[in-house]
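Trainee: Got a structure for you, questions after.
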Amino acid sequence: MKGNIKSVKVAVVQASPVIMDINATVEKTLNLIKEAGKKGAHIVVFPESFIPAYPRGLTFGFVVGSRTMDGRKDWQRYYENSVPVPSNITDVLGKSAQEAGIYLSIGVTERDGEGLNHTLYCTNLFFGPDGKLLGKHRKLKPTGTERSIWGEGDASTLTVLDTPYGKLGSLICWENYMPLARVAMYSKGVTIYIAPTADSREEWQSTMKHIALEGRCFVIGCNQYVEKSMYPTDLNCYNELEDEPEIMCSGGSCIVNPFGKYVAEPVYNREEILIADLELDEIIQSRIDFDVMGHYSRPDVFEFSINSSEI
């Protein structure tokens, strides 16, 4: 934090995208940003791959050793609704952040290049209150069958931003189970740790509390709320969803303070914007007995480095 700023109001948007429809999802996003801004938020956080959707339940025709044409066509639809960075879509998101006067963190499926490369990435974008795209983070290791649709990021996008409220950064979903990725965030001084996710399990809450205690930072967990009825029925592989429950992602967005206590308890089974004031002095107070990169580190015993060159 800087100067005499003692608190920051955070809005965590637990909502569903308009699945596979980039234009409708962006329109919904802009309305949600405006609503959060009216509630006085200084930082607004959206879930993992909010635009155009986290494609839960879809295989895109992948099995070991073969793919299907129907799956390829669904992947093309996902690709065509993904977000080039930068683009007119990022311009619109930045303008919305500027109008609301907020720092914006939002998960997108990023399309790398216009017609040259056809790789998608699970990416978190950061915008400032001046509307500028301040940085992005690409997921280092897509989980399980996510690897069939998203490429791997590298350390060049382990972004931590300096803001008036402290240092803001993110790891996405199960990256947060990578101990050295967390150390990278701590080594960059993160104090507001954003964890967009698609994980609504009860166990995920333990992860959010652990990171807050380990990093002595505020942790913001943000997930979507998604029902099966929200999926477009004209997907070629729509029948894959037959055995899915009606509530496919129940949420669980939350905010945890540096003592591992909820500032905003997890919300399930509905869309909601969680609003909370973070008392920034708690970061300093929490580190009297544990400072993960300070007096509780042992640089004489352990060495850590980040290969920040682009792959």
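Order determines the names: the first chain of the structure tokens is A, the second B, and so forth; residues in each chain are numbered 1 upward, and ligands are numbered 1 upward as they are shown.
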Find the nearest atom pair between each residue of region 177-261 of chain A and region 138-147 of chain A for residues within 12 Å, count only C-alpha atoms, give distances in Å to one decimal, sort rows by chain and ascending number, and present the table as a Markdown table.
Mentor:
```
| residue | atom | partner | partner_atom | distance |
| --- | --- | --- | --- | --- |
| A:Tyr177 | CA | A:Lys141 | CA | 10.7 |
| A:Met178 | CA | A:Lys141 | CA | 9.3 |
| A:Leu180 | CA | A:Leu140 | CA | 11.6 |
| A:Ala181 | CA | A:Leu140 | CA | 8.8 |
| A:Arg182 | CA | A:Leu140 | CA | 11.9 |
| A:Ala195 | CA | A:Lys139 | CA | 11.3 |
| A:Pro196 | CA | A:Lys139 | CA | 10.7 |
| A:Thr197 | CA | A:Lys139 | CA | 11.0 |
| A:Ala198 | CA | A:Thr143 | CA | 10.8 |
| A:Asp199 | CA | A:Thr143 | CA | 11.3 |
```
Trainee: Which parts of region 32-171 of chain A does DSSP call strand (DSSP E) when run on the backbone here, written out as JSON, numbers by chain?
Mentor: {"A": [43, 44, 45, 83, 84, 103, 104, 105, 106, 107, 108, 109, 110, 111, 120, 121, 122, 123, 124, 125, 126, 127, 133, 134, 135, 136, 137, 138, 160, 161, 162, 163, 166, 167, 168, 169, 170]}
Trainee: Residues of region 15-246 of chain A classed as helix (DSSP H, G or I) by DSSP on the backbone are to be reported as a ChimeraX atom specification.
Mentor: /A:22-38,69-80,88-100,144-148,155-157,173-177,179-187,202-215,228-230,238-241
Trainee: Which residue, A:Gly221, A:Pro232, A:Gly151, A:Gly215, has the smallest gap to Gly294 (chain A) when you use only C-alpha atoms?
Mentor: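 Nearest to Gly294 (chain A): A:Gly215.
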Trainee: Can you measure CA of Leu93 (chain A) to CA of Leu32 (chain A) for me? One decimal in Å is fine.
Mentor: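 Taking CA of Leu93 (chain A) as the start and CA of Leu32 (chain A) as the end point, the length is 11.4 Å.
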Trainee: Taking 4 positions as the minimum chain separation for residues in the same chain, which residues sit within 9 Å of Asp91 (chain A) when counting only C-alpha atoms? Answer as a list in words.
Mentor: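 The contact residues come out as Pro86, Ser87, Lys95, Ser96, Gly131, Lys132 and Leu133 of chain A.
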Trainee: Keeping only N, CA and C atoms, write the selected residues as a CSV table (one decimal), in the first residue's frame.
Mentor:
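And here's part31.csv as it stands now:
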```
chain,number,residue,atom,x,y,z
A,86,PRO,N,-3.5,-7.5,-27.9
A,86,PRO,CA,-4.7,-6.6,-27.7
A,86,PRO,C,-5.6,-6.7,-28.9
A,87,SER,N,-6.8,-6.0,-28.7
A,87,SER,CA,-7.8,-6.1,-29.8
A,87,SER,C,-8.9,-5.0,-29.4
A,95,LYS,N,-11.8,0.6,-21.6
A,95,LYS,CA,-12.6,1.8,-21.5
A,95,LYS,C,-13.6,1.7,-20.3
A,96,SER,N,-14.2,0.5,-20.2
A,96,SER,CA,-15.1,0.3,-19.1
A,96,SER,C,-14.5,0.4,-17.7
A,131,GLY,N,-7.6,2.9,-18.0
A,131,GLY,CA,-8.1,2.2,-19.1
A,131,GLY,C,-7.0,1.4,-19.8
A,132,LYS,N,-5.8,1.5,-19.4
A,132,LYS,CA,-4.7,0.8,-20.1
A,132,LYS,C,-4.6,-0.7,-19.7
A,133,LEU,N,-4.3,-1.5,-20.7
A,133,LEU,CA,-4.0,-2.9,-20.4
A,133,LEU,C,-2.6,-3.0,-19.8
```
Trainee: Compile the contact shell of Asp243 (chain A) as a VMD selection string: residues with an atom at most 12 Å away, counting only C-alpha atoms, same-chain residues fewer than 3 positions apart removed.
Mentor: chain A and resid 57 to 58 228 238 to 240 246 to 248
Trainee: Kindly save the residues from that selection, with N, CA and C atoms included, as a PDB file, in the first residue's frame.
Mentor:
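The new file part_5.pdb reads:
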```
ATOM      1  N   GLY A  57     -17.177 -29.791 -19.212  1.00  0.00           N
ATOM      2  CA  GLY A  57     -18.009 -30.880 -19.709  1.00  0.00           C
ATOM      3  C   GLY A  57     -17.803 -31.234 -21.163  1.00  0.00           C
ATOM      4  N   LEU A  58     -17.063 -30.412 -21.913  1.00  0.00           N
ATOM      5  CA  LEU A  58     -16.857 -30.662 -23.332  1.00  0.00           C
ATOM      6  C   LEU A  58     -15.503 -31.330 -23.567  1.00  0.00           C
ATOM      7  N   LYS A 228     -26.370 -26.094 -16.712  1.00  0.00           N
ATOM      8  CA  LYS A 228     -26.341 -26.801 -17.995  1.00  0.00           C
ATOM      9  C   LYS A 228     -27.239 -26.127 -19.027  1.00  0.00           C
ATOM     10  N   TYR A 238     -23.058 -31.492 -28.069  1.00  0.00           N
ATOM     11  CA  TYR A 238     -23.925 -31.155 -26.941  1.00  0.00           C
ATOM     12  C   TYR A 238     -24.349 -32.386 -26.149  1.00  0.00           C
ATOM     13  N   ASN A 239     -24.468 -33.533 -26.843  1.00  0.00           N
ATOM     14  CA  ASN A 239     -24.912 -34.765 -26.159  1.00  0.00           C
ATOM     15  C   ASN A 239     -23.934 -35.194 -25.068  1.00  0.00           C
ATOM     16  N   GLU A 240     -22.702 -34.664 -25.081  1.00  0.00           N
ATOM     17  CA  GLU A 240     -21.746 -34.999 -24.028  1.00  0.00           C
ATOM     18  C   GLU A 240     -22.203 -34.504 -22.653  1.00  0.00           C
ATOM     19  N   GLU A 246     -27.559 -30.324 -13.385  1.00  0.00           N
ATOM     20  CA  GLU A 246     -28.077 -29.037 -13.866  1.00  0.00           C
ATOM     21  C   GLU A 246     -27.171 -27.894 -13.431  1.00  0.00           C
ATOM     22  N   ILE A 247     -26.716 -27.901 -12.180  1.00  0.00           N
ATOM     23  CA  ILE A 247     -25.737 -26.900 -11.752  1.00  0.00           C
ATOM     24  C   ILE A 247     -24.356 -27.498 -12.004  1.00  0.00           C
ATOM     25  N   MET A 248     -23.698 -27.009 -13.029  1.00  0.00           N
ATOM     26  CA  MET A 248     -22.411 -27.576 -13.435  1.00  0.00           C
ATOM     27  C   MET A 248     -21.239 -26.936 -12.704  1.00  0.00           C
TER      28      MET A 248
END
```
Trainee: Which neighbours of Thr159 (chain A) fall inside 6 Å, counting only C-alpha atoms, when residues of the same chain fewer than 2 positions from it are skipped, and could you give them as a VMD selection string?
Mentor: chain A and resid 137 157 169
Trainee: Export C-alpha atoms of the chosen residues as a PDB file, in the first residue's frame?
Mentor:
```pdb
ATOM      1  CA  HIS A 137      -0.775 -13.816 -17.022  1.00  0.00           C
ATOM      2  CA  THR A 157       3.734 -13.394 -17.853  1.00  0.00           C
ATOM      3  CA  GLY A 169      -0.975 -10.515  -9.100  1.00  0.00           C
TER       4      GLY A 169
END
```
Trainee: Could you tell me how far CA of Ala15 (chain A) sits from CA of Gly166 (chain A), in Å to one decimal place?
Mentor: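 Spanning CA of Gly166 (chain A) to CA of Ala15 (chain A) is a straight-line distance of 26.3 Å.
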Trainee: What is the CA of Asp234 (chain A)-CA of Lys73 (chain A) distance in Å, reported with one decimal?
Mentor: 11.4 Å
Trainee: What's around Asn269 (chain A) at 12 Å? Count only C-alpha atoms, leave out sequence neighbours fewer than 2 positions away in its own chain, and write the answer as a PyMOL selection string.
Mentor: chain A and resi 14-16+200+223-227+246-253+266-267+271-272
Trainee: Using only C-alpha atoms, pick whichever of A:Leu241, A:Ala276, A:Val183, A:Val256 has the shortest atom-to-atom distance to Thr207 (chain A).
Mentor: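 Of A:Leu241, A:Ala276, A:Val183, A:Val256, the one nearest Thr207 (chain A), counting only C-alpha atoms, is A:Val256.
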Trainee: Nearest to Gln98 (chain A): which of A:Ile284, A:Leu30, A:Cys122, A:Ala184 is it, counting only C-alpha atoms?
Mentor: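 Under the stated criterion, the closest residue is A:Leu30.
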Trainee: Taking only C-alpha atoms into account, which of A:Phe60, A:Trp204, A:Tyr186, A:Phe46 comes nearest Thr123 (chain A)?
Mentor: A:Phe46
Trainee: I want to know what sits within 7 Å of Leu104 (chain A), based on only C-alpha atoms, with residues of the same chain fewer than 6 positions away left out; could you give that as a PDB file with C-alpha atoms, in the first residue's frame?
Mentor:
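Below you can see selection_0.pdb, which holds the result:
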```pdb
ATOM      1  CA  ILE A  43     -10.694  -3.535  -7.726  1.00  0.00           C
ATOM      2  CA  VAL A  44     -13.069  -5.783  -9.692  1.00  0.00           C
ATOM      3  CA  VAL A  45     -12.292  -9.465 -10.250  1.00  0.00           C
ATOM      4  CA  ALA A  97     -12.467   0.043 -16.353  1.00  0.00           C
ATOM      5  CA  PHE A 126      -5.227  -6.615 -15.877  1.00  0.00           C
ATOM      6  CA  PHE A 127      -6.493  -3.126 -16.667  1.00  0.00           C
ATOM      7  CA  GLY A 128      -5.870   0.095 -14.769  1.00  0.00           C
TER       8      GLY A 128
END
```
